[in-house]
>>> print(open('coords21.pdb').read())   # PDB, C-alpha atoms, pLDDT in the B column
ATOM      1  CA  MET I   1      15.367  18.885 -22.241  1.00 36.00           C
ATOM      2  CA  SER I   2      17.384  21.817 -23.363  1.00 39.00           C
ATOM      3  CA  THR I   3      20.562  20.345 -24.842  1.00 42.00           C
ATOM      4  CA  ALA I   4      21.599  18.132 -27.693  1.00 40.00           C
ATOM      5  CA  GLU I   5      22.747  15.516 -25.189  1.00 53.00           C
ATOM      6  CA  GLY I   6      19.340  15.525 -23.505  1.00 61.00           C
ATOM      7  CA  LEU I   7      20.674  16.793 -20.183  1.00 61.00           C
ATOM      8  CA  GLU I   8      19.214  19.770 -18.398  1.00 67.00           C
ATOM      9  CA  ASN I   9      22.411  20.549 -16.512  1.00 65.00           C
ATOM     10  CA  VAL I  10      25.212  19.685 -18.921  1.00 62.00           C
ATOM     11  CA  ASN I  11      28.088  20.882 -16.754  1.00 63.00           C
ATOM     12  CA  PRO I  12      27.189  20.523 -13.066  1.00 65.00           C
ATOM     13  CA  THR I  13      29.533  21.684 -10.342  1.00 65.00           C
ATOM     14  CA  VAL I  14      31.249  18.688  -8.764  1.00 66.00           C
ATOM     15  CA  HIS I  15      32.234  18.957  -5.096  1.00 59.00           C
ATOM     16  CA  ASP I  16      34.713  16.971  -3.031  1.00 61.00           C
ATOM     17  CA  ARG I  17      33.384  14.058  -1.032  1.00 66.00           C
ATOM     18  CA  LEU I  18      33.606  13.989   2.748  1.00 65.00           C
ATOM     19  CA  SER I  19      35.874  11.410   4.301  1.00 64.00           C
ATOM     20  CA  GLU I  20      34.254   8.207   5.439  1.00 69.00           C
ATOM     21  CA  ARG I  21      32.932   8.319   8.987  1.00 62.00           C
ATOM     22  CA  GLN I  22      35.051   6.385  11.463  1.00 67.00           C
ATOM     23  CA  VAL I  23      33.016   3.674  13.162  1.00 66.00           C
ATOM     24  CA  THR I  24      33.736   3.462  16.874  1.00 65.00           C
ATOM     25  CA  VAL I  25      34.034   0.299  18.963  1.00 67.00           C
ATOM     26  CA  SER I  26      30.834   1.158  20.837  1.00 62.00           C
ATOM     27  CA  GLU I  27      28.955   1.499  17.525  1.00 62.00           C
ATOM     28  CA  GLU I  28      29.996  -2.026  16.597  1.00 67.00           C
ATOM     29  CA  ASP I  29      28.917  -3.405  19.976  1.00 63.00           C
ATOM     30  CA  ASP I  30      25.421  -4.894  19.580  1.00 68.00           C
ATOM     31  CA  ASP I  31      24.848  -4.595  23.338  1.00 70.00           C
ATOM     32  CA  THR I  32      25.307  -0.805  23.346  1.00 69.00           C
ATOM     33  CA  GLU I  33      22.375   1.446  22.445  1.00 72.00           C
ATOM     34  CA  ASP I  34      23.434   3.565  19.505  1.00 76.00           C
ATOM     35  CA  PRO I  35      20.925   6.230  18.448  1.00 87.00           C
ATOM     36  CA  PHE I  36      20.833   7.291  14.806  1.00 91.00           C
ATOM     37  CA  ASP I  37      22.409  10.666  14.004  1.00 93.00           C
ATOM     38  CA  SER I  38      22.496  12.917  10.956  1.00 95.00           C
ATOM     39  CA  ARG I  39      25.886  11.656   9.791  1.00 93.00           C
ATOM     40  CA  GLU I  40      24.642   8.080   9.817  1.00 94.00           C
ATOM     41  CA  ILE I  41      21.663   9.088   7.663  1.00 97.00           C
ATOM     42  CA  PHE I  42      23.960  11.116   5.397  1.00 97.00           C
ATOM     43  CA  ASP I  43      26.135   8.032   4.937  1.00 95.00           C
ATOM     44  CA  LEU I  44      23.044   6.138   3.752  1.00 96.00           C
ATOM     45  CA  VAL I  45      22.075   8.706   1.090  1.00 97.00           C
ATOM     46  CA  ARG I  46      25.400  10.227   0.033  1.00 96.00           C
ATOM     47  CA  ASN I  47      26.165   7.551  -2.580  1.00 95.00           C
ATOM     48  CA  ILE I  48      22.799   7.613  -4.337  1.00 97.00           C
ATOM     49  CA  ASN I  49      23.483   8.113  -8.043  1.00 96.00           C
ATOM     50  CA  ASP I  50      22.156  11.150  -9.849  1.00 95.00           C
ATOM     51  CA  PRO I  51      19.686  10.015 -12.547  1.00 93.00           C
ATOM     52  CA  GLU I  52      21.355  12.164 -15.249  1.00 91.00           C
ATOM     53  CA  HIS I  53      25.058  12.183 -14.404  1.00 89.00           C
ATOM     54  CA  PRO I  54      27.606   9.543 -13.379  1.00 91.00           C
ATOM     55  CA  LEU I  55      27.946  11.355 -10.038  1.00 94.00           C
ATOM     56  CA  THR I  56      26.543  10.881  -6.568  1.00 96.00           C
ATOM     57  CA  LEU I  57      24.126  13.198  -4.798  1.00 97.00           C
ATOM     58  CA  GLU I  58      26.960  14.111  -2.430  1.00 96.00           C
ATOM     59  CA  GLU I  59      29.311  15.067  -5.278  1.00 95.00           C
ATOM     60  CA  LEU I  60      26.612  17.359  -6.682  1.00 95.00           C
ATOM     61  CA  HIS I  61      25.784  18.799  -3.223  1.00 94.00           C
ATOM     62  CA  VAL I  62      22.205  17.663  -3.661  1.00 97.00           C
ATOM     63  CA  VAL I  63      22.430  16.141  -0.177  1.00 97.00           C
ATOM     64  CA  GLU I  64      24.506  17.552   2.659  1.00 95.00           C
ATOM     65  CA  ASN I  65      24.918  16.461   6.253  1.00 95.00           C
ATOM     66  CA  ALA I  66      23.823  19.908   7.466  1.00 96.00           C
ATOM     67  CA  GLU I  67      20.422  19.437   5.794  1.00 97.00           C
ATOM     68  CA  ILE I  68      19.565  16.227   7.643  1.00 98.00           C
ATOM     69  CA  GLN I  69      17.618  16.197  10.894  1.00 98.00           C
ATOM     70  CA  VAL I  70      17.218  13.131  13.079  1.00 98.00           C
ATOM     71  CA  ASP I  71      15.144  12.742  16.225  1.00 97.00           C
ATOM     72  CA  ASP I  72      15.849   9.175  17.297  1.00 94.00           C
ATOM     73  CA  LYS I  73      13.552   9.399  20.325  1.00 95.00           C
ATOM     74  CA  GLU I  74      10.644  10.643  18.178  1.00 97.00           C
ATOM     75  CA  ASN I  75      11.501   8.192  15.355  1.00 97.00           C
ATOM     76  CA  ALA I  76      11.774  10.971  12.798  1.00 98.00           C
ATOM     77  CA  VAL I  77      14.204  11.609   9.955  1.00 98.00           C
ATOM     78  CA  LYS I  78      14.026  14.618   7.650  1.00 98.00           C
ATOM     79  CA  VAL I  79      16.248  15.006   4.595  1.00 98.00           C
ATOM     80  CA  THR I  80      16.145  18.324   2.775  1.00 98.00           C
ATOM     81  CA  PHE I  81      17.815  18.205  -0.624  1.00 98.00           C
ATOM     82  CA  THR I  82      18.859  20.838  -3.146  1.00 97.00           C
ATOM     83  CA  PRO I  83      18.448  20.184  -6.889  1.00 95.00           C
ATOM     84  CA  THR I  84      21.400  21.319  -9.001  1.00 92.00           C
ATOM     85  CA  ILE I  85      19.203  23.662 -11.057  1.00 93.00           C
ATOM     86  CA  PRO I  86      15.912  25.432 -10.200  1.00 95.00           C
ATOM     87  CA  HIS I  87      13.947  23.684 -12.961  1.00 94.00           C
ATOM     88  CA  CYS I  88      15.334  20.161 -12.484  1.00 93.00           C
ATOM     89  CA  SER I  89      12.823  17.684 -13.900  1.00 93.00           C
ATOM     90  CA  MET I  90      14.486  14.891 -11.919  1.00 95.00           C
ATOM     91  CA  ALA I  91      13.731  16.404  -8.488  1.00 97.00           C
ATOM     92  CA  THR I  92      10.808  14.075  -7.747  1.00 96.00           C
ATOM     93  CA  LEU I  93      12.836  11.032  -8.815  1.00 97.00           C
ATOM     94  CA  ILE I  94      15.753  12.135  -6.625  1.00 97.00           C
ATOM     95  CA  GLY I  95      13.439  12.632  -3.651  1.00 97.00           C
ATOM     96  CA  LEU I  96      11.803   9.265  -4.281  1.00 97.00           C
ATOM     97  CA  SER I  97      15.224   7.586  -4.427  1.00 98.00           C
ATOM     98  CA  ILE I  98      16.223   9.154  -1.094  1.00 98.00           C
ATOM     99  CA  ARG I  99      12.942   8.040   0.497  1.00 97.00           C
ATOM    100  CA  VAL I 100      13.229   4.473  -0.823  1.00 97.00           C
ATOM    101  CA  LYS I 101      16.856   4.180   0.319  1.00 98.00           C
ATOM    102  CA  LEU I 102      15.929   5.267   3.845  1.00 98.00           C
ATOM    103  CA  GLN I 103      12.801   3.120   4.018  1.00 96.00           C
ATOM    104  CA  ARG I 104      14.863   0.092   3.017  1.00 96.00           C
ATOM    105  CA  ALA I 105      17.728   0.846   5.407  1.00 96.00           C
ATOM    106  CA  LEU I 106      16.054   2.197   8.551  1.00 96.00           C
ATOM    107  CA  PRO I 107      13.951   0.321  11.086  1.00 95.00           C
ATOM    108  CA  PRO I 108      10.232   0.662  10.296  1.00 95.00           C
ATOM    109  CA  ARG I 109       9.690   2.778  13.436  1.00 95.00           C
ATOM    110  CA  PHE I 110      11.043   5.834  11.596  1.00 97.00           C
ATOM    111  CA  LYS I 111       8.856   8.386   9.837  1.00 97.00           C
ATOM    112  CA  VAL I 112      10.872   9.573   6.848  1.00 97.00           C
ATOM    113  CA  ASP I 113      10.286  13.059   5.452  1.00 98.00           C
ATOM    114  CA  VAL I 114      12.054  14.092   2.232  1.00 98.00           C
ATOM    115  CA  CYS I 115      11.660  17.566   0.758  1.00 98.00           C
ATOM    116  CA  ILE I 116      13.305  20.158  -1.459  1.00 98.00           C
ATOM    117  CA  LYS I 117      15.112  23.017   0.272  1.00 97.00           C
ATOM    118  CA  GLU I 118      12.973  26.133   0.264  1.00 96.00           C
ATOM    119  CA  GLY I 119      13.678  28.490  -2.627  1.00 96.00           C
ATOM    120  CA  THR I 120      15.796  26.069  -4.681  1.00 96.00           C
ATOM    121  CA  HIS I 121      13.251  24.758  -7.210  1.00 97.00           C
ATOM    122  CA  VAL I 122      10.548  26.441  -9.289  1.00 97.00           C
ATOM    123  CA  SER I 123       8.026  23.692  -8.422  1.00 96.00           C
ATOM    124  CA  GLU I 124       9.159  22.951  -4.869  1.00 96.00           C
ATOM    125  CA  LYS I 125       5.639  23.003  -3.383  1.00 97.00           C
ATOM    126  CA  ALA I 126       4.289  20.570  -5.977  1.00 97.00           C
ATOM    127  CA  VAL I 127       7.294  18.238  -5.674  1.00 97.00           C
ATOM    128  CA  ASN I 128       7.175  18.347  -1.858  1.00 97.00           C
ATOM    129  CA  LYS I 129       3.463  17.556  -1.954  1.00 97.00           C
ATOM    130  CA  GLN I 130       4.167  14.509  -4.146  1.00 96.00           C
ATOM    131  CA  LEU I 131       6.997  13.335  -1.892  1.00 96.00           C
ATOM    132  CA  ALA I 132       4.783  13.624   1.210  1.00 96.00           C
ATOM    133  CA  ASP I 133       1.851  11.698  -0.317  1.00 96.00           C
ATOM    134  CA  LYS I 134       2.116   8.081   0.904  1.00 93.00           C
ATOM    135  CA  GLU I 135      -0.419   6.765  -1.610  1.00 95.00           C
ATOM    136  CA  ARG I 136       1.327   8.464  -4.499  1.00 94.00           C
ATOM    137  CA  ILE I 137       4.691   7.056  -3.368  1.00 94.00           C
ATOM    138  CA  ALA I 138       3.217   3.551  -3.067  1.00 94.00           C
ATOM    139  CA  ALA I 139       1.647   3.829  -6.537  1.00 94.00           C
ATOM    140  CA  ALA I 140       4.923   5.070  -8.021  1.00 93.00           C
ATOM    141  CA  LEU I 141       6.773   2.101  -6.580  1.00 93.00           C
ATOM    142  CA  GLU I 142       4.269  -0.294  -8.180  1.00 95.00           C
ATOM    143  CA  ASN I 143       5.372   1.025 -11.585  1.00 96.00           C
ATOM    144  CA  ASN I 144       8.091  -1.438 -12.633  1.00 96.00           C
ATOM    145  CA  SER I 145       9.761   1.002 -15.030  1.00 96.00           C
ATOM    146  CA  LEU I 146       9.994   3.706 -12.376  1.00 95.00           C
ATOM    147  CA  LEU I 147      11.156   1.217  -9.748  1.00 95.00           C
ATOM    148  CA  GLU I 148      13.920   0.092 -12.110  1.00 96.00           C
ATOM    149  CA  VAL I 149      15.129   3.698 -12.459  1.00 96.00           C
ATOM    150  CA  VAL I 150      15.037   4.154  -8.663  1.00 97.00           C
ATOM    151  CA  ASN I 151      17.015   0.944  -8.220  1.00 96.00           C
ATOM    152  CA  GLN I 152      19.606   2.198 -10.727  1.00 96.00           C
ATOM    153  CA  CYS I 153      19.972   5.348  -8.628  1.00 96.00           C
ATOM    154  CA  LEU I 154      20.469   3.194  -5.540  1.00 97.00           C
ATOM    155  CA  ALA I 155      22.894   0.728  -7.138  1.00 95.00           C
ATOM    156  CA  GLU I 156      26.504   0.940  -6.053  1.00 88.00           C
ATOM    157  CA  ARG I 157      28.873   2.328  -8.651  1.00 77.00           C
ATOM    158  CA  ASP I 158      32.076   0.652  -9.664  1.00 67.00           C
ATOM    159  CA  ALA I 159      34.979   2.448  -8.009  1.00 56.00           C
TER
END
>>> encode(input="coords21.pdb", output="structure tokens")
Amino acid sequence: MSTAEGLENVNPTVHDRLSERQVTVSEEDDDTEDPFDSREIFDLVRNINDPEHPLTLEELHVVENAEIQVDDKENAVKVTFTPTIPHCSMATLIGLSIRVKLQRALPPRFKVDVCIKEGTHVSEKAVNKQLADKERIAAALENNSLLEVVNQCLAERDA
């Protein structure tokens, strides 16, 4: 850590939040087939808390709707995220939090892929390799201390 406060990015840029997505009548109708789309996935991950700051991943532009791909027919979701700084030591934890949130929220038919946006992190290949390794993810989630930190990232903040 490079500061007296222990934060790597002491003064991150904070962005405005998008408005909440309006839910349509057909989306609330259980008898209507409603495929998942990128905005629905974005709504699931936008409020994940940053592990270092009292801000969400959306407010830090770590996750953006434009960087989410969904293929409902192929049961695939891909979230590409951008760390706030190129040497962010929390990148793996952020990616793990995104993955866990989606695995908990989506039907099990979905293959979830989480990765760092190309060119935005000094160790992107190593972090992406970790985030794609199912055994490593499973082992990480068996670590109670790490799981507690992930759950803190996923906890809802007081308004």
>>> atom_distance(input="coords21.pdb", atom1="CA of Cys88 in chain I", atom2="CA of His121 in chain I")
7.3 Å
>>> atom_distance(input="coords21.pdb", atom1="CA of Val150 in chain I", atom2="CA of Gly119 in chain I")
25.1 Å
>>> residues_around(input="coords21.pdb", residues="Asn151 in chain I", least_positions_apart="6", cutoff="12 Å", atoms="all atoms listed in the file", output="list in words")
Ile48, Asn49, Asp50, Pro51, Leu93, Ile94, Leu96, Ser97, Ile98, Arg99, Val100, Lys101, Arg104, Leu141, Asn144, Ser145 and Arg157 of chain I
>>> write_last_selection(input="coords21.pdb", atoms="C-alpha atoms", output="PDB file, in the coordinates of the input")
ATOM      1  CA  ILE I  48      22.799   7.613  -4.337  1.00 97.00           C
ATOM      2  CA  ASN I  49      23.483   8.113  -8.043  1.00 96.00           C
ATOM      3  CA  ASP I  50      22.156  11.150  -9.849  1.00 95.00           C
ATOM      4  CA  PRO I  51      19.686  10.015 -12.547  1.00 93.00           C
ATOM      5  CA  LEU I  93      12.836  11.032  -8.815  1.00 97.00           C
ATOM      6  CA  ILE I  94      15.753  12.135  -6.625  1.00 97.00           C
ATOM      7  CA  LEU I  96      11.803   9.265  -4.281  1.00 97.00           C
ATOM      8  CA  SER I  97      15.224   7.586  -4.427  1.00 98.00           C
ATOM      9  CA  ILE I  98      16.223   9.154  -1.094  1.00 98.00           C
ATOM     10  CA  ARG I  99      12.942   8.040   0.497  1.00 97.00           C
ATOM     11  CA  VAL I 100      13.229   4.473  -0.823  1.00 97.00           C
ATOM     12  CA  LYS I 101      16.856   4.180   0.319  1.00 98.00           C
ATOM     13  CA  ARG I 104      14.863   0.092   3.017  1.00 96.00           C
ATOM     14  CA  LEU I 141       6.773   2.101  -6.580  1.00 93.00           C
ATOM     15  CA  ASN I 144       8.091  -1.438 -12.633  1.00 96.00           C
ATOM     16  CA  SER I 145       9.761   1.002 -15.030  1.00 96.00           C
ATOM     17  CA  ARG I 157      28.873   2.328  -8.651  1.00 77.00           C
TER      18      ARG I 157
END
>>> resolve_selection(input="coords21.pdb", expression="the PyMOL selection byres ((chain I and resi 128) around 10)", output="PDB file with C-alpha atoms, in the coordinates of the input")
ATOM      1  CA  ALA I  91      13.731  16.404  -8.488  1.00 97.00           C
ATOM      2  CA  THR I  92      10.808  14.075  -7.747  1.00 96.00           C
ATOM      3  CA  GLY I  95      13.439  12.632  -3.651  1.00 97.00           C
ATOM      4  CA  ASP I 113      10.286  13.059   5.452  1.00 98.00           C
ATOM      5  CA  VAL I 114      12.054  14.092   2.232  1.00 98.00           C
ATOM      6  CA  CYS I 115      11.660  17.566   0.758  1.00 98.00           C
ATOM      7  CA  ILE I 116      13.305  20.158  -1.459  1.00 98.00           C
ATOM      8  CA  LYS I 117      15.112  23.017   0.272  1.00 97.00           C
ATOM      9  CA  GLU I 118      12.973  26.133   0.264  1.00 96.00           C
ATOM     10  CA  SER I 123       8.026  23.692  -8.422  1.00 96.00           C
ATOM     11  CA  GLU I 124       9.159  22.951  -4.869  1.00 96.00           C
ATOM     12  CA  LYS I 125       5.639  23.003  -3.383  1.00 97.00           C
ATOM     13  CA  ALA I 126       4.289  20.570  -5.977  1.00 97.00           C
ATOM     14  CA  VAL I 127       7.294  18.238  -5.674  1.00 97.00           C
ATOM     15  CA  LYS I 129       3.463  17.556  -1.954  1.00 97.00           C
ATOM     16  CA  GLN I 130       4.167  14.509  -4.146  1.00 96.00           C
ATOM     17  CA  LEU I 131       6.997  13.335  -1.892  1.00 96.00           C
ATOM     18  CA  ALA I 132       4.783  13.624   1.210  1.00 96.00           C
ATOM     19  CA  ASP I 133       1.851  11.698  -0.317  1.00 96.00           C
TER      20      ASP I 133
END
>>> atom_distance(input="coords21.pdb", atom1="CA of Cys153 in chain I", atom2="CA of Ala138 in chain I")
17.7 Å
>>> closest_residue(input="coords21.pdb", among="I:Ala105, I:Ile41, I:Ile85, I:Leu57", to="Gln69 in chain I", atoms="all atoms listed in the file")
I:Ile41
>>> closest_residue(input="coords21.pdb", among="I:Gln152, I:Ser38, I:Thr80, I:Asn143", to="Pro54 in chain I", atoms="only C-alpha atoms")
I:Gln152
>>> residues_around(input="coords21.pdb", residues="Glu40 in chain I", least_positions_apart="5", cutoff="10 Å", atoms="all atoms listed in the file", output="PyMOL selection string")
chain I and resi 21+35+45+65+68+70
>>> closest_atom_pairs(input="coords21.pdb", of="range 91-159 of chain I", to="range 71-76 of chain I", cutoff="10 Å", atoms="all atoms listed in the file", output="JSON lines")
{"residue": "I:Pro107", "atom": "CA", "partner": "I:Asn75", "partner_atom": "CA", "distance": 9.3}
{"residue": "I:Pro108", "atom": "CA", "partner": "I:Asn75", "partner_atom": "CA", "distance": 9.2}
{"residue": "I:Arg109", "atom": "CA", "partner": "I:Asn75", "partner_atom": "CA", "distance": 6.0}
{"residue": "I:Phe110", "atom": "CA", "partner": "I:Asn75", "partner_atom": "CA", "distance": 4.5}
{"residue": "I:Lys111", "atom": "CA", "partner": "I:Ala76", "partner_atom": "CA", "distance": 4.9}
{"residue": "I:Val112", "atom": "CA", "partner": "I:Ala76", "partner_atom": "CA", "distance": 6.2}
{"residue": "I:Asp113", "atom": "CA", "partner": "I:Ala76", "partner_atom": "CA", "distance": 7.8}
>>> resolve_selection(input="coords21.pdb", expression="the PyMOL selection byres ((chain I and resi 84) around 8)", output="list in words")
Asn9, Pro12, Leu60, His61, Val62, Thr82, Pro83, Ile85, Pro86 and Cys88 of chain I
>>> axis_aligned_box(input="coords21.pdb", around="range 101-118 of chain I", padding_each_side="6 Å", output="JSON")
{"center_x": 13.3, "center_y": 13.1, "center_z": 6.0, "size_x": 20.9, "size_y": 38.0, "size_z": 26.9}
>>> build_atoms(input="coords21.pdb", residues="range 49-73 of chain I", atoms="N, CA, C and O atoms", output="PDB file, in the frame of the given file")
ATOM      1  N   ASN I  49      23.053   7.604  -6.740  1.00 96.00           N
ATOM      2  CA  ASN I  49      23.483   8.113  -8.043  1.00 96.00           C
ATOM      3  C   ASN I  49      22.482   9.131  -8.579  1.00 96.00           C
ATOM      4  O   ASN I  49      21.270   8.947  -8.475  1.00 96.00           O
ATOM      5  N   ASP I  50      23.002  10.184  -9.163  1.00 95.00           N
ATOM      6  CA  ASP I  50      22.156  11.150  -9.849  1.00 95.00           C
ATOM      7  C   ASP I  50      21.574  10.466 -11.080  1.00 95.00           C
ATOM      8  O   ASP I  50      22.283   9.724 -11.769  1.00 95.00           O
ATOM      9  N   PRO I  51      20.282  10.692 -11.393  1.00 93.00           N
ATOM     10  CA  PRO I  51      19.686  10.015 -12.547  1.00 93.00           C
ATOM     11  C   PRO I  51      20.219  10.479 -13.901  1.00 93.00           C
ATOM     12  O   PRO I  51      20.076   9.766 -14.894  1.00 93.00           O
ATOM     13  N   GLU I  52      20.867  11.646 -13.968  1.00 91.00           N
ATOM     14  CA  GLU I  52      21.355  12.164 -15.249  1.00 91.00           C
ATOM     15  C   GLU I  52      22.865  12.092 -15.420  1.00 91.00           C
ATOM     16  O   GLU I  52      23.347  12.080 -16.543  1.00 91.00           O
ATOM     17  N   HIS I  53      23.599  12.095 -14.335  1.00 89.00           N
ATOM     18  CA  HIS I  53      25.058  12.183 -14.404  1.00 89.00           C
ATOM     19  C   HIS I  53      25.696  11.002 -13.679  1.00 89.00           C
ATOM     20  O   HIS I  53      25.121  10.471 -12.744  1.00 89.00           O
ATOM     21  N   PRO I  54      26.904  10.629 -14.067  1.00 91.00           N
ATOM     22  CA  PRO I  54      27.606   9.543 -13.379  1.00 91.00           C
ATOM     23  C   PRO I  54      28.261  10.050 -12.087  1.00 91.00           C
ATOM     24  O   PRO I  54      29.445   9.849 -11.845  1.00 91.00           O
ATOM     25  N   LEU I  55      27.477  10.747 -11.284  1.00 94.00           N
ATOM     26  CA  LEU I  55      27.946  11.355 -10.038  1.00 94.00           C
ATOM     27  C   LEU I  55      26.955  11.033  -8.936  1.00 94.00           C
ATOM     28  O   LEU I  55      25.789  10.733  -9.191  1.00 94.00           O
ATOM     29  N   THR I  56      27.427  11.134  -7.698  1.00 96.00           N
ATOM     30  CA  THR I  56      26.543  10.881  -6.568  1.00 96.00           C
ATOM     31  C   THR I  56      25.856  12.170  -6.131  1.00 96.00           C
ATOM     32  O   THR I  56      26.290  13.275  -6.475  1.00 96.00           O
ATOM     33  N   LEU I  57      24.816  12.022  -5.325  1.00 97.00           N
ATOM     34  CA  LEU I  57      24.126  13.198  -4.798  1.00 97.00           C
ATOM     35  C   LEU I  57      25.047  14.016  -3.904  1.00 97.00           C
ATOM     36  O   LEU I  57      24.934  15.239  -3.854  1.00 97.00           O
ATOM     37  N   GLU I  58      25.983  13.366  -3.232  1.00 96.00           N
ATOM     38  CA  GLU I  58      26.960  14.111  -2.430  1.00 96.00           C
ATOM     39  C   GLU I  58      27.875  14.940  -3.322  1.00 96.00           C
ATOM     40  O   GLU I  58      28.115  16.123  -3.049  1.00 96.00           O
ATOM     41  N   GLU I  59      28.387  14.357  -4.387  1.00 95.00           N
ATOM     42  CA  GLU I  59      29.311  15.067  -5.278  1.00 95.00           C
ATOM     43  C   GLU I  59      28.654  16.290  -5.923  1.00 95.00           C
ATOM     44  O   GLU I  59      29.328  17.257  -6.247  1.00 95.00           O
ATOM     45  N   LEU I  60      27.346  16.243  -6.095  1.00 95.00           N
ATOM     46  CA  LEU I  60      26.612  17.359  -6.682  1.00 95.00           C
ATOM     47  C   LEU I  60      26.056  18.315  -5.620  1.00 95.00           C
ATOM     48  O   LEU I  60      25.398  19.293  -5.964  1.00 95.00           O
ATOM     49  N   HIS I  61      26.310  18.013  -4.357  1.00 94.00           N
ATOM     50  CA  HIS I  61      25.784  18.799  -3.223  1.00 94.00           C
ATOM     51  C   HIS I  61      24.261  18.841  -3.215  1.00 94.00           C
ATOM     52  O   HIS I  61      23.668  19.807  -2.748  1.00 94.00           O
ATOM     53  N   VAL I  62      23.661  17.795  -3.735  1.00 97.00           N
ATOM     54  CA  VAL I  62      22.205  17.663  -3.661  1.00 97.00           C
ATOM     55  C   VAL I  62      21.816  17.302  -2.233  1.00 97.00           C
ATOM     56  O   VAL I  62      20.805  17.773  -1.711  1.00 97.00           O
ATOM     57  N   VAL I  63      22.621  16.453  -1.595  1.00 97.00           N
ATOM     58  CA  VAL I  63      22.430  16.141  -0.177  1.00 97.00           C
ATOM     59  C   VAL I  63      23.670  16.569   0.593  1.00 97.00           C
ATOM     60  O   VAL I  63      24.790  16.428   0.109  1.00 97.00           O
ATOM     61  N   GLU I  64      23.427  17.120   1.773  1.00 95.00           N
ATOM     62  CA  GLU I  64      24.506  17.552   2.659  1.00 95.00           C
ATOM     63  C   GLU I  64      24.146  17.171   4.088  1.00 95.00           C
ATOM     64  O   GLU I  64      22.970  17.216   4.464  1.00 95.00           O
ATOM     65  N   ASN I  65      25.141  16.845   4.861  1.00 95.00           N
ATOM     66  CA  ASN I  65      24.918  16.461   6.253  1.00 95.00           C
ATOM     67  C   ASN I  65      24.161  17.547   7.024  1.00 95.00           C
ATOM     68  O   ASN I  65      23.292  17.247   7.843  1.00 95.00           O
ATOM     69  N   ALA I  66      24.454  18.798   6.745  1.00 96.00           N
ATOM     70  CA  ALA I  66      23.823  19.908   7.466  1.00 96.00           C
ATOM     71  C   ALA I  66      22.320  19.999   7.207  1.00 96.00           C
ATOM     72  O   ALA I  66      21.599  20.641   7.978  1.00 96.00           O
ATOM     73  N   GLU I  67      21.842  19.375   6.150  1.00 97.00           N
ATOM     74  CA  GLU I  67      20.422  19.437   5.794  1.00 97.00           C
ATOM     75  C   GLU I  67      19.647  18.188   6.214  1.00 97.00           C
ATOM     76  O   GLU I  67      18.573  17.912   5.695  1.00 97.00           O
ATOM     77  N   ILE I  68      20.211  17.447   7.150  1.00 98.00           N
ATOM     78  CA  ILE I  68      19.565  16.227   7.643  1.00 98.00           C
ATOM     79  C   ILE I  68      19.271  16.399   9.123  1.00 98.00           C
ATOM     80  O   ILE I  68      20.150  16.785   9.892  1.00 98.00           O
ATOM     81  N   GLN I  69      18.033  16.116   9.495  1.00 98.00           N
ATOM     82  CA  GLN I  69      17.618  16.197  10.894  1.00 98.00           C
ATOM     83  C   GLN I  69      17.157  14.813  11.343  1.00 98.00           C
ATOM     84  O   GLN I  69      16.398  14.149  10.624  1.00 98.00           O
ATOM     85  N   VAL I  70      17.606  14.420  12.521  1.00 98.00           N
ATOM     86  CA  VAL I  70      17.218  13.131  13.079  1.00 98.00           C
ATOM     87  C   VAL I  70      16.774  13.339  14.514  1.00 98.00           C
ATOM     88  O   VAL I  70      17.467  13.989  15.298  1.00 98.00           O
ATOM     89  N   ASP I  71      15.619  12.790  14.841  1.00 97.00           N
ATOM     90  CA  ASP I  71      15.144  12.742  16.225  1.00 97.00           C
ATOM     91  C   ASP I  71      14.891  11.274  16.525  1.00 97.00           C
ATOM     92  O   ASP I  71      13.810  10.743  16.247  1.00 97.00           O
ATOM     93  N   ASP I  72      15.922  10.610  17.052  1.00 94.00           N
ATOM     94  CA  ASP I  72      15.849   9.175  17.297  1.00 94.00           C
ATOM     95  C   ASP I  72      14.738   8.837  18.291  1.00 94.00           C
ATOM     96  O   ASP I  72      14.039   7.849  18.123  1.00 94.00           O
ATOM     97  N   LYS I  73      14.579   9.668  19.308  1.00 95.00           N
ATOM     98  CA  LYS I  73      13.552   9.399  20.325  1.00 95.00           C
ATOM     99  C   LYS I  73      12.146   9.531  19.749  1.00 95.00           C
ATOM    100  O   LYS I  73      11.240   8.813  20.169  1.00 95.00           O
TER     101      LYS I  73
END
